[in-house]
$ cat run-v7.json   # JSON, C-alpha atoms
[["chain", "number", "residue", "atom", "x", "y", "z"],
["R", 1, "PRO", "CA", 121.26, 107.48, 97.52],
["R", 2, "LEU", "CA", 119.69, 108.05, 100.93],
["R", 3, "SER", "CA", 117.82, 111.14, 99.84],
["R", 4, "PHE", "CA", 116.73, 109.51, 96.59],
["R", 5, "GLY", "CA", 115.54, 106.39, 98.40],
["R", 6, "VAL", "CA", 113.41, 108.32, 100.87],
["R", 7, "PHE", "CA", 112.04, 111.10, 98.74],
["R", 8, "PHE", "CA", 111.28, 108.91, 95.73],
["R", 9, "ILE", "CA", 109.46, 106.18, 97.68],
["R", 10, "SER", "CA", 107.16, 108.60, 99.53],
["R", 11, "PRO", "CA", 105.39, 110.09, 96.48],
["R", 12, "THR", "CA", 105.53, 106.75, 94.68],
["R", 13, "CYS", "CA", 103.66, 105.00, 97.50],
["R", 14, "PHE", "CA", 101.00, 107.72, 97.58],
["R", 15, "PHE", "CA", 100.67, 107.91, 93.80],
["R", 16, "LEU", "CA", 100.24, 104.19, 93.28],
["R", 17, "ARG", "CA", 97.56, 104.01, 95.98],
["R", 18, "ARG", "CA", 95.52, 106.39, 93.83],
["R", 19, "CYS", "CA", 96.89, 105.31, 90.45],
["R", 20, "PRO", "CA", 94.34, 105.94, 87.64],
["R", 21, "ALA", "CA", 93.62, 103.09, 85.28],
["R", 22, "PRO", "CA", 95.36, 104.61, 82.18],
["R", 23, "ILE", "CA", 98.63, 104.76, 84.10],
["R", 24, "MET", "CA", 98.46, 101.21, 85.45],
["R", 25, "ILE", "CA", 100.65, 100.05, 82.56],
["R", 26, "ALA", "CA", 103.55, 101.95, 84.12],
["R", 27, "LYS", "CA", 103.00, 100.48, 87.58],
["R", 28, "PRO", "CA", 105.49, 97.56, 87.25],
["R", 29, "LEU", "CA", 108.28, 99.97, 86.33],
["R", 30, "LEU", "CA", 107.46, 102.25, 89.26],
["R", 31, "VAL", "CA", 107.40, 99.26, 91.59],
["R", 32, "VAL", "CA", 110.90, 98.26, 90.47],
["R", 33, "LEU", "CA", 112.21, 101.81, 90.83],
["R", 34, "ALA", "CA", 110.74, 102.17, 94.31],
["R", 35, "PHE", "CA", 112.19, 98.84, 95.44],
["R", 36, "CYS", "CA", 115.62, 99.60, 93.98],
["R", 37, "SER", "CA", 115.72, 103.05, 95.58],
["R", 38, "CYS", "CA", 114.91, 101.49, 98.94],
["R", 39, "ALA", "CA", 117.64, 98.89, 98.49],
["R", 40, "VAL", "CA", 120.17, 101.53, 97.46],
["R", 41, "ALA", "CA", 119.28, 103.61, 100.50],
["R", 42, "PHE", "CA", 120.01, 100.70, 102.82],
["R", 43, "ARG", "CA", 123.10, 99.36, 101.10],
["R", 44, "ALA", "CA", 124.85, 102.63, 100.27],
["R", 45, "PRO", "CA", 128.53, 102.09, 101.15],
["R", 46, "LEU", "CA", 130.07, 104.12, 103.96],
["R", 47, "ARG", "CA", 133.20, 106.17, 103.57],
["R", 48, "ALA", "CA", 136.23, 104.62, 105.23],
["R", 49, "GLY", "CA", 136.07, 105.25, 108.94],
["R", 50, "ALA", "CA", 132.75, 107.07, 108.71],
["R", 51, "GLU", "CA", 129.86, 106.48, 111.05],
["R", 52, "LEU", "CA", 126.18, 106.84, 110.37],
["R", 53, "SER", "CA", 124.76, 110.09, 111.65],
["R", 54, "ARG", "CA", 121.35, 110.13, 113.29],
["R", 55, "ARG", "CA", 119.97, 111.76, 110.14],
["R", 56, "GLU", "CA", 121.33, 108.96, 107.94],
["R", 57, "ILE", "CA", 120.01, 106.30, 110.31],
["R", 58, "GLY", "CA", 116.61, 107.97, 110.30],
["R", 59, "ALA", "CA", 116.62, 108.19, 106.51],
["R", 60, "ARG", "CA", 117.38, 104.49, 106.16],
["R", 61, "VAL", "CA", 114.74, 103.48, 108.68],
["R", 62, "LEU", "CA", 112.17, 105.74, 106.98],
["R", 63, "GLY", "CA", 113.08, 104.35, 103.57],
["R", 64, "GLY", "CA", 112.58, 100.81, 104.80],
["R", 65, "ALA", "CA", 109.27, 101.64, 106.46],
["R", 66, "LEU", "CA", 107.94, 103.35, 103.35],
["R", 67, "GLY", "CA", 109.08, 100.48, 101.16],
["R", 68, "GLY", "CA", 107.36, 98.00, 103.47],
["R", 69, "ALA", "CA", 104.16, 100.04, 103.47],
["R", 70, "PHE", "CA", 104.24, 100.14, 99.69],
["R", 71, "LEU", "CA", 104.70, 96.39, 99.36],
["R", 72, "ALA", "CA", 101.88, 95.78, 101.89],
["R", 73, "ALA", "CA", 99.44, 98.14, 100.16],
["R", 74, "PRO", "CA", 98.06, 95.60, 97.62],
["R", 75, "ALA", "CA", 97.07, 93.17, 100.41],
["R", 76, "ALA", "CA", 95.36, 95.94, 102.37],
["R", 77, "GLN", "CA", 93.56, 97.09, 99.22],
["R", 78, "ALA", "CA", 92.33, 93.56, 98.49],
["R", 79, "ALA", "CA", 90.99, 93.24, 102.04],
["R", 80, "LEU", "CA", 89.14, 96.55, 101.69],
["R", 81, "ILE", "CA", 87.48, 95.57, 98.40],
["R", 82, "THR", "CA", 86.08, 92.34, 99.86],
["R", 83, "ASN", "CA", 84.77, 93.94, 103.05],
["R", 84, "PHE", "CA", 81.16, 94.07, 101.92],
["R", 85, "GLY", "CA", 77.86, 93.15, 103.45],
["R", 86, "SER", "CA", 75.27, 90.80, 101.95],
["R", 87, "LYS", "CA", 71.63, 89.85, 102.29],
["R", 88, "ASP", "CA", 72.55, 87.71, 105.30],
["R", 89, "LYS", "CA", 75.42, 89.82, 106.64],
["R", 90, "ALA", "CA", 75.08, 93.26, 108.21],
["R", 91, "LEU", "CA", 76.93, 96.11, 106.55],
["R", 92, "PRO", "CA", 80.28, 96.68, 108.29],
["R", 93, "ALA", "CA", 81.40, 99.84, 110.01],
["R", 94, "CYS", "CA", 84.13, 101.89, 108.38],
["R", 95, "THR", "CA", 87.76, 101.60, 109.41],
["R", 96, "PRO", "CA", 88.25, 103.81, 112.49],
["R", 97, "GLY", "CA", 89.45, 107.24, 111.44],
["R", 98, "ALA", "CA", 88.53, 106.78, 107.77],
["R", 99, "LYS", "CA", 87.67, 110.03, 105.99],
["R", 100, "ASN", "CA", 86.28, 108.43, 102.85],
["R", 101, "CYS", "CA", 83.60, 106.14, 104.25],
["R", 102, "TRP", "CA", 80.13, 106.55, 105.79],
["R", 103, "SER", "CA", 78.06, 103.79, 107.39],
["R", 104, "THR", "CA", 74.97, 103.30, 109.54],
["R", 105, "ALA", "CA", 77.12, 100.79, 111.47],
["R", 106, "ASN", "CA", 79.61, 103.47, 112.55],
["R", 107, "PRO", "CA", 79.53, 104.56, 116.20],
["R", 108, "PRO", "CA", 78.03, 108.00, 116.83],
["R", 109, "GLY", "CA", 80.31, 110.60, 115.36],
["R", 110, "LYS", "CA", 81.40, 112.38, 112.24],
["R", 111, "MET", "CA", 81.06, 109.59, 109.67],
["R", 112, "GLN", "CA", 77.87, 107.92, 110.90],
["R", 113, "VAL", "CA", 74.79, 107.69, 108.70],
["R", 114, "GLY", "CA", 71.48, 107.89, 110.55],
["R", 115, "PRO", "CA", 68.81, 105.23, 109.94],
["R", 116, "TRP", "CA", 66.98, 105.36, 106.61],
["R", 117, "VAL", "CA", 63.35, 104.62, 107.54],
["R", 118, "TRP", "CA", 60.62, 104.25, 104.96],
["R", 119, "GLY", "CA", 57.88, 105.05, 107.51],
["R", 120, "ASP", "CA", 54.42, 103.72, 108.29],
["R", 121, "THR", "CA", 52.80, 104.77, 105.03],
["R", 122, "LYS", "CA", 54.37, 101.96, 102.96],
["R", 123, "ASN", "CA", 55.44, 98.36, 103.37],
["R", 124, "LYS", "CA", 58.83, 96.80, 102.79],
["R", 125, "GLU", "CA", 58.09, 95.75, 99.20],
["R", 126, "GLU", "CA", 57.06, 99.31, 98.31],
["R", 127, "ALA", "CA", 60.24, 100.61, 99.93],
["R", 128, "MET", "CA", 62.28, 98.20, 97.82],
["R", 129, "LYS", "CA", 60.61, 99.55, 94.69],
["R", 130, "ASP", "CA", 61.34, 103.13, 95.79],
["R", 131, "LEU", "CA", 65.03, 102.38, 96.20],
["R", 132, "ALA", "CA", 65.23, 100.46, 92.93],
["R", 133, "ASN", "CA", 63.73, 103.44, 91.05],
["R", 134, "VAL", "CA", 66.13, 105.92, 92.66],
["R", 135, "ILE", "CA", 69.12, 103.71, 91.85],
["R", 136, "ASN", "CA", 68.04, 103.19, 88.25],
["R", 137, "ASN", "CA", 67.34, 106.91, 87.73],
["R", 138, "TYR", "CA", 70.78, 108.00, 88.91],
["R", 139, "PRO", "CA", 72.41, 109.79, 85.94],
["R", 140, "GLN", "CA", 75.09, 107.74, 84.19],
["R", 141, "GLU", "CA", 76.93, 111.02, 83.58],
["R", 142, "GLY", "CA", 76.94, 111.67, 87.33],
["R", 143, "GLN", "CA", 75.61, 114.64, 89.30],
["R", 144, "SER", "CA", 77.04, 117.54, 91.32],
["R", 145, "LYS", "CA", 80.40, 117.03, 89.54],
["R", 146, "ILE", "CA", 80.84, 113.45, 90.82],
["R", 147, "ASP", "CA", 80.51, 109.95, 89.34],
["R", 148, "GLY", "CA", 81.17, 111.13, 85.78],
["R", 149, "GLY", "CA", 82.58, 107.71, 84.86],
["R", 150, "GLY", "CA", 79.22, 106.01, 85.26],
["R", 151, "TRP", "CA", 77.84, 103.37, 87.58],
["R", 152, "LYS", "CA", 76.74, 99.73, 87.60],
["R", 153, "VAL", "CA", 74.96, 97.34, 89.92],
["R", 154, "ALA", "CA", 77.71, 94.96, 91.06],
["R", 155, "ASP", "CA", 75.79, 92.64, 93.39],
["R", 156, "GLY", "CA", 72.21, 91.90, 94.38],
["R", 157, "SER", "CA", 69.13, 94.06, 93.90],
["R", 158, "PRO", "CA", 66.73, 95.94, 96.19],
["R", 159, "SER", "CA", 64.14, 93.18, 95.76],
["R", 160, "ASP", "CA", 66.69, 90.71, 97.18],
["R", 161, "GLY", "CA", 67.12, 92.82, 100.30],
["R", 162, "TYR", "CA", 70.72, 93.79, 99.48],
["R", 163, "VAL", "CA", 72.33, 95.72, 96.63],
["R", 164, "ARG", "CA", 75.81, 97.07, 95.95],
["R", 165, "VAL", "CA", 76.42, 99.69, 93.28],
["R", 166, "GLU", "CA", 79.83, 100.76, 91.97],
["R", 167, "TYR", "CA", 80.35, 104.42, 91.02],
["R", 168, "THR", "CA", 83.36, 105.53, 88.97],
["R", 169, "SER", "CA", 84.98, 108.95, 88.81],
["R", 170, "LYS", "CA", 85.36, 110.55, 85.40],
["R", 171, "ARG", "CA", 89.02, 111.49, 85.24],
["R", 172, "PHE", "CA", 90.96, 108.99, 87.33],
["R", 173, "LYS", "CA", 88.44, 106.11, 87.36],
["R", 174, "PHE", "CA", 88.38, 105.75, 91.14],
["R", 175, "VAL", "CA", 85.65, 103.34, 92.29],
["R", 176, "ASP", "CA", 83.32, 103.87, 95.25],
["R", 177, "ASP", "CA", 80.92, 101.24, 96.59],
["R", 178, "LEU", "CA", 77.42, 102.12, 97.79],
["R", 179, "GLU", "CA", 75.56, 99.38, 99.67],
["R", 180, "PHE", "CA", 71.98, 99.11, 100.87],
["R", 181, "ARG", "CA", 70.62, 96.31, 103.08],
["R", 182, "PHE", "CA", 66.98, 96.06, 104.13],
["R", 183, "GLY", "CA", 66.02, 95.39, 107.73],
["R", 184, "ASP", "CA", 62.53, 95.05, 109.15],
["R", 185, "SER", "CA", 61.76, 98.77, 109.23],
["R", 186, "ALA", "CA", 64.87, 100.58, 107.99],
["R", 187, "VAL", "CA", 67.72, 100.32, 105.51],
["R", 188, "GLU", "CA", 71.38, 99.94, 106.41],
["R", 189, "VAL", "CA", 73.61, 102.15, 104.26],
["R", 190, "ARG", "CA", 77.34, 102.24, 103.57],
["R", 191, "SER", "CA", 79.26, 104.32, 101.01],
["R", 192, "SER", "CA", 83.05, 104.02, 100.80],
["R", 193, "SER", "CA", 86.00, 104.73, 98.53],
["R", 194, "ARG", "CA", 88.40, 101.94, 97.62],
["R", 195, "GLU", "CA", 91.46, 104.19, 97.30],
["R", 196, "GLY", "CA", 93.06, 107.12, 99.05],
["R", 197, "ASP", "CA", 92.52, 108.65, 102.46],
["R", 198, "TYR", "CA", 90.11, 111.49, 101.65],
["R", 199, "ASP", "CA", 87.28, 111.60, 99.13],
["R", 200, "PHE", "CA", 86.62, 115.38, 98.88],
["R", 201, "GLU", "CA", 83.10, 114.62, 100.20],
["R", 202, "VAL", "CA", 82.16, 112.54, 97.16],
["R", 203, "ASN", "CA", 80.51, 109.81, 99.28],
["R", 204, "LYS", "CA", 78.65, 112.42, 101.34],
["R", 205, "THR", "CA", 77.38, 114.13, 98.18],
["R", 206, "ARG", "CA", 76.16, 110.84, 96.75],
["R", 207, "LEU", "CA", 74.43, 109.80, 99.98],
["R", 208, "ASN", "CA", 72.66, 113.15, 100.22],
["R", 209, "TYR", "CA", 71.43, 112.79, 96.64],
["R", 210, "PHE", "CA", 69.83, 109.43, 97.51],
["R", 211, "ALA", "CA", 68.52, 110.73, 100.82],
["R", 212, "ASN", "CA", 66.79, 113.69, 99.17],
["R", 213, "GLN", "CA", 65.28, 111.52, 96.44],
["R", 214, "LEU", "CA", 63.86, 109.09, 98.98],
["R", 215, "LYS", "CA", 62.66, 111.87, 101.31],
["R", 216, "ALA", "CA", 60.62, 113.16, 98.39],
["R", 217, "LEU", "CA", 58.93, 109.74, 98.35],
["R", 218, "GLY", "CA", 58.01, 109.98, 102.03],
["R", 219, "TRP", "CA", 61.04, 108.36, 103.68],
["R", 220, "ASN", "CA", 62.30, 109.60, 107.04],
["R", 221, "ILE", "CA", 65.99, 110.38, 106.46],
["R", 222, "SER", "CA", 68.36, 113.03, 107.77],
["R", 223, "THR", "CA", 70.88, 114.35, 105.27],
["R", 224, "LEU", "CA", 74.55, 114.54, 106.23]]

$ encode --input "run-v7.json" --output "structure tokens"
Amino acid sequence: PLSFGVFFISPTCFFLRRCPAPIMIAKPLLVVLAFCSCAVAFRAPLRAGAELSRREIGARVLGGALGGAFLAAPAAQAALITNFGSKDKALPACTPGAKNCWSTANPPGKMQVGPWVWGDTKNKEEAMKDLANVINNYPQEGQSKIDGGGWKVADGSPSDGYVRVEYTSKRFKFVDDLEFRFGDSAVEVRSSSREGDYDFEVNKTRLNYFANQLKALGWNISTL
């Protein structure tokens, strides 16, 4: 029971964090199995006169920790999904240590996006039109083997000063959020994945696509 409790919960927790939409129907069953395996691991009866070894104690503690992490995951996921900017709210920095998020609000380092400046040759309204055209011309079938599940504008528009676009992967239907917020002379940018710990550079690839399209229109942007 101890081994089953520990080694079943671990992959279950990871799998459900990245669970594709077609498999969501099986999620309640997997939740029950994970919870029961954790309970069995903790309540497994001892042999008469036997004492818990350090390995057994460690297994039970690990099983409980993994079960707790699994049960807490939905709340953490909900908090992540609502952590967006707005027209009147600056785009947030990524969670420290995140490997699937880039933001202009990040401190200098690996996952920071440099400022996206439209330059002196155009005004803010023209820059808004540039960004709107690049967003609208993004292929619905994706590009560079990413975003094959399509995209949609989820909130705002460039003309409002803030826009959030959702991009979906083709196979597992993972959703990434790309946000743009206009300042006085530059655009704040944030691209992040809702699930998992690593994005296989999907957000970086998408940001570079937009950066190159806007650079061709005269913007001053450094690719990642």

$ residues_around --input "run-v7.json" --residues "Ala211 (chain R)" --least-positions-apart "2" --cutoff "8 Å" --atoms "all atoms listed in the file" --output "PyMOL selection string"
chain R and resi 207-209+213-215+221-223

$ residues_around --input "run-v7.json" --residues "Trp102 (chain R)" --least-positions-apart "5" --cutoff "7 Å" --atoms "only C-alpha atoms" --output "PDB file with C-alpha atoms, in the frame of the given file"
ATOM      1  CA  CYS R  94      84.130 101.890 108.380  1.00  0.00           C
ATOM      2  CA  MET R 111      81.060 109.590 109.670  1.00  0.00           C
ATOM      3  CA  GLN R 112      77.870 107.920 110.900  1.00  0.00           C
ATOM      4  CA  VAL R 113      74.790 107.690 108.700  1.00  0.00           C
ATOM      5  CA  ARG R 190      77.340 102.240 103.570  1.00  0.00           C
ATOM      6  CA  SER R 191      79.260 104.320 101.010  1.00  0.00           C
ATOM      7  CA  SER R 192      83.050 104.020 100.800  1.00  0.00           C
TER       8      SER R 192
END

$ atom_distance --input "run-v7.json" --atom1 "CA of Glu166 (chain R)" --atom2 "CA of Leu224 (chain R)"
20.5 Å

$ atom_distance --input "run-v7.json" --atom1 "CA of Ala93 (chain R)" --atom2 "CA of Arg194 (chain R)"
14.4 Å

$ atom_distance --input "run-v7.json" --atom1 "CA of Val165 (chain R)" --atom2 "CA of Pro96 (chain R)"
22.9 Å

$ closest_residue --input "run-v7.json" --among "R:Val189, R:Ala154, R:Leu131, R:Val175" --to "Ala216 (chain R)" --atoms "only C-alpha atoms"
R:Leu131

$ residues_around --input "run-v7.json" --residues "Glu125 (chain R)" --least-positions-apart "5" --cutoff "10 Å" --atoms "all atoms listed in the file" --output "ChimeraX atom specification"
/R:130,158-159,161

$ closest_residue --input "run-v7.json" --among "R:Lys129, R:Arg164, R:Lys124, R:Lys170" --to "Glu141 (chain R)" --atoms "all atoms listed in the file"
R:Lys170

$ axis_aligned_box --input "run-v7.json" --around "region 203-211 of chain R" --padding-each-side "5 Å" --output "lines of an AutoDock Vina configuration file"
center_x = 74.5
center_y = 111.8
center_z = 99.0
size_x = 22.0
size_y = 14.7
size_z = 14.7

$ closest_residue --input "run-v7.json" --among "R:Phe210, R:Phe180, R:Phe200, R:Phe174" --to "Gly156 (chain R)" --atoms "only C-alpha atoms"
R:Phe180

$ closest_residue --input "run-v7.json" --among "R:Lys122, R:Lys152, R:Lys204, R:Lys99" --to "Ala186 (chain R)" --atoms "only C-alpha atoms"
R:Lys122

$ residues_around --input "run-v7.json" --residues "Gly150 (chain R)" --least-positions-apart "2" --cutoff "6 Å" --atoms "only C-alpha atoms" --output "mmCIF file with C-alpha atoms, in the coordinates of the input"
data_model
loop_
_atom_site.group_PDB
_atom_site.id
_atom_site.type_symbol
_atom_site.label_atom_id
_atom_site.label_comp_id
_atom_site.auth_asym_id
_atom_site.auth_seq_id
_atom_site.Cartn_x
_atom_site.Cartn_y
_atom_site.Cartn_z
ATOM 1 C CA GLN R 140 75.090 107.740 84.190
ATOM 2 C CA GLU R 141 76.930 111.020 83.580
ATOM 3 C CA ASP R 147 80.510 109.950 89.340
ATOM 4 C CA GLY R 148 81.170 111.130 85.780
ATOM 5 C CA THR R 168 83.360 105.530 88.970
#

$ build_atoms --input "run-v7.json" --residues "region 132-158 of chain R" --atoms "N, CA, C and O atoms" --output "mmCIF file, in the frame of the given file"
data_model
loop_
_atom_site.group_PDB
_atom_site.id
_atom_site.type_symbol
_atom_site.label_atom_id
_atom_site.label_comp_id
_atom_site.auth_asym_id
_atom_site.auth_seq_id
_atom_site.Cartn_x
_atom_site.Cartn_y
_atom_site.Cartn_z
ATOM 1 N N ALA R 132 64.852 100.920 94.269
ATOM 2 C CA ALA R 132 65.230 100.460 92.930
ATOM 3 C C ALA R 132 65.057 101.577 91.905
ATOM 4 O O ALA R 132 65.920 101.778 91.030
ATOM 5 N N ASN R 133 63.964 102.333 91.997
ATOM 6 C CA ASN R 133 63.730 103.440 91.050
ATOM 7 C C ASN R 133 64.774 104.543 91.201
ATOM 8 O O ASN R 133 65.261 105.091 90.205
ATOM 9 N N VAL R 134 65.139 104.863 92.449
ATOM 10 C CA VAL R 134 66.130 105.920 92.660
ATOM 11 C C VAL R 134 67.496 105.483 92.150
ATOM 12 O O VAL R 134 68.217 106.271 91.522
ATOM 13 N N ILE R 135 67.846 104.216 92.378
ATOM 14 C CA ILE R 135 69.120 103.710 91.850
ATOM 15 C C ILE R 135 69.129 103.766 90.329
ATOM 16 O O ILE R 135 70.085 104.252 89.708
ATOM 17 N N ASN R 136 68.085 103.270 89.710
ATOM 18 C CA ASN R 136 68.040 103.190 88.250
ATOM 19 C C ASN R 136 67.978 104.560 87.587
ATOM 20 O O ASN R 136 68.404 104.709 86.433
ATOM 21 N N ASN R 137 67.457 105.569 88.300
ATOM 22 C CA ASN R 137 67.340 106.910 87.730
ATOM 23 C C ASN R 137 68.564 107.781 87.993
ATOM 24 O O ASN R 137 68.597 108.940 87.562
ATOM 25 N N TYR R 138 69.557 107.239 88.669
ATOM 26 C CA TYR R 138 70.780 108.000 88.910
ATOM 27 C C TYR R 138 71.463 108.251 87.561
ATOM 28 O O TYR R 138 71.669 107.325 86.777
ATOM 29 N N PRO R 139 71.837 109.487 87.264
ATOM 30 C CA PRO R 139 72.410 109.790 85.940
ATOM 31 C C PRO R 139 73.722 109.041 85.696
ATOM 32 O O PRO R 139 74.613 109.038 86.542
ATOM 33 N N GLN R 140 73.842 108.407 84.534
ATOM 34 C CA GLN R 140 75.090 107.740 84.190
ATOM 35 C C GLN R 140 76.232 108.741 84.016
ATOM 36 O O GLN R 140 77.393 108.386 84.193
ATOM 37 N N GLU R 141 75.898 109.980 83.709
ATOM 38 C CA GLU R 141 76.930 111.020 83.580
ATOM 39 C C GLU R 141 77.269 111.653 84.923
ATOM 40 O O GLU R 141 78.092 112.578 84.994
ATOM 41 N N GLY R 142 76.663 111.151 86.000
ATOM 42 C CA GLY R 142 76.940 111.670 87.330
ATOM 43 C C GLY R 142 76.088 112.881 87.659
ATOM 44 O O GLY R 142 75.225 113.313 86.890
ATOM 45 N N GLN R 143 76.339 113.459 88.844
ATOM 46 C CA GLN R 143 75.610 114.640 89.300
ATOM 47 C C GLN R 143 76.495 115.383 90.295
ATOM 48 O O GLN R 143 77.368 114.798 90.932
ATOM 49 N N SER R 144 76.281 116.693 90.397
ATOM 50 C CA SER R 144 77.040 117.540 91.320
ATOM 51 C C SER R 144 78.547 117.362 91.155
ATOM 52 O O SER R 144 79.308 117.350 92.122
ATOM 53 N N LYS R 145 78.979 117.162 89.899
ATOM 54 C CA LYS R 145 80.400 117.030 89.540
ATOM 55 C C LYS R 145 81.054 115.771 90.106
ATOM 56 O O LYS R 145 82.274 115.726 90.293
ATOM 57 N N ILE R 146 80.277 114.733 90.379
ATOM 58 C CA ILE R 146 80.840 113.450 90.820
ATOM 59 C C ILE R 146 80.287 112.328 89.960
ATOM 60 O O ILE R 146 79.276 112.494 89.264
ATOM 61 N N ASP R 147 80.960 111.180 89.991
ATOM 62 C CA ASP R 147 80.510 109.950 89.340
ATOM 63 C C ASP R 147 80.372 110.094 87.828
ATOM 64 O O ASP R 147 79.529 109.449 87.199
ATOM 65 N N GLY R 148 81.237 110.913 87.229
ATOM 66 C CA GLY R 148 81.170 111.130 85.780
ATOM 67 C C GLY R 148 81.582 109.935 84.954
ATOM 68 O O GLY R 148 81.366 109.913 83.741
ATOM 69 N N GLY R 149 82.176 108.916 85.585
ATOM 70 C CA GLY R 149 82.580 107.710 84.860
ATOM 71 C C GLY R 149 81.508 106.644 84.802
ATOM 72 O O GLY R 149 81.741 105.552 84.281
ATOM 73 N N GLY R 150 80.332 106.955 85.329
ATOM 74 C CA GLY R 150 79.220 106.010 85.260
ATOM 75 C C GLY R 150 79.086 105.142 86.489
ATOM 76 O O GLY R 150 79.833 105.270 87.453
ATOM 77 N N TRP R 151 78.103 104.256 86.457
ATOM 78 C CA TRP R 151 77.840 103.370 87.580
ATOM 79 C C TRP R 151 77.268 102.049 87.070
ATOM 80 O O TRP R 151 76.801 101.953 85.938
ATOM 81 N N LYS R 152 77.340 101.023 87.921
ATOM 82 C CA LYS R 152 76.740 99.730 87.600
ATOM 83 C C LYS R 152 76.372 98.997 88.878
ATOM 84 O O LYS R 152 77.016 99.166 89.914
ATOM 85 N N VAL R 153 75.320 98.201 88.806
ATOM 86 C CA VAL R 153 74.960 97.340 89.920
ATOM 87 C C VAL R 153 75.916 96.155 89.908
ATOM 88 O O VAL R 153 75.975 95.394 88.937
ATOM 89 N N ALA R 154 76.682 96.001 91.003
ATOM 90 C CA ALA R 154 77.710 94.960 91.060
ATOM 91 C C ALA R 154 77.233 93.693 91.746
ATOM 92 O O ALA R 154 77.768 92.612 91.499
ATOM 93 N N ASP R 155 76.222 93.823 92.628
ATOM 94 C CA ASP R 155 75.790 92.640 93.390
ATOM 95 C C ASP R 155 74.374 92.881 93.909
ATOM 96 O O ASP R 155 74.046 93.963 94.399
ATOM 97 N N GLY R 156 73.534 91.859 93.798
ATOM 98 C CA GLY R 156 72.210 91.900 94.380
ATOM 99 C C GLY R 156 71.247 92.844 93.687
ATOM 100 O O GLY R 156 71.495 93.357 92.589
ATOM 101 N N SER R 157 70.139 93.112 94.380
ATOM 102 C CA SER R 157 69.130 94.060 93.900
ATOM 103 C C SER R 157 68.265 94.432 95.106
ATOM 104 O O SER R 157 68.201 93.680 96.082
ATOM 105 N N PRO R 158 67.595 95.577 95.052
ATOM 106 C CA PRO R 158 66.730 95.940 96.190
ATOM 107 C C PRO R 158 65.695 94.881 96.519
ATOM 108 O O PRO R 158 65.389 94.647 97.700
#
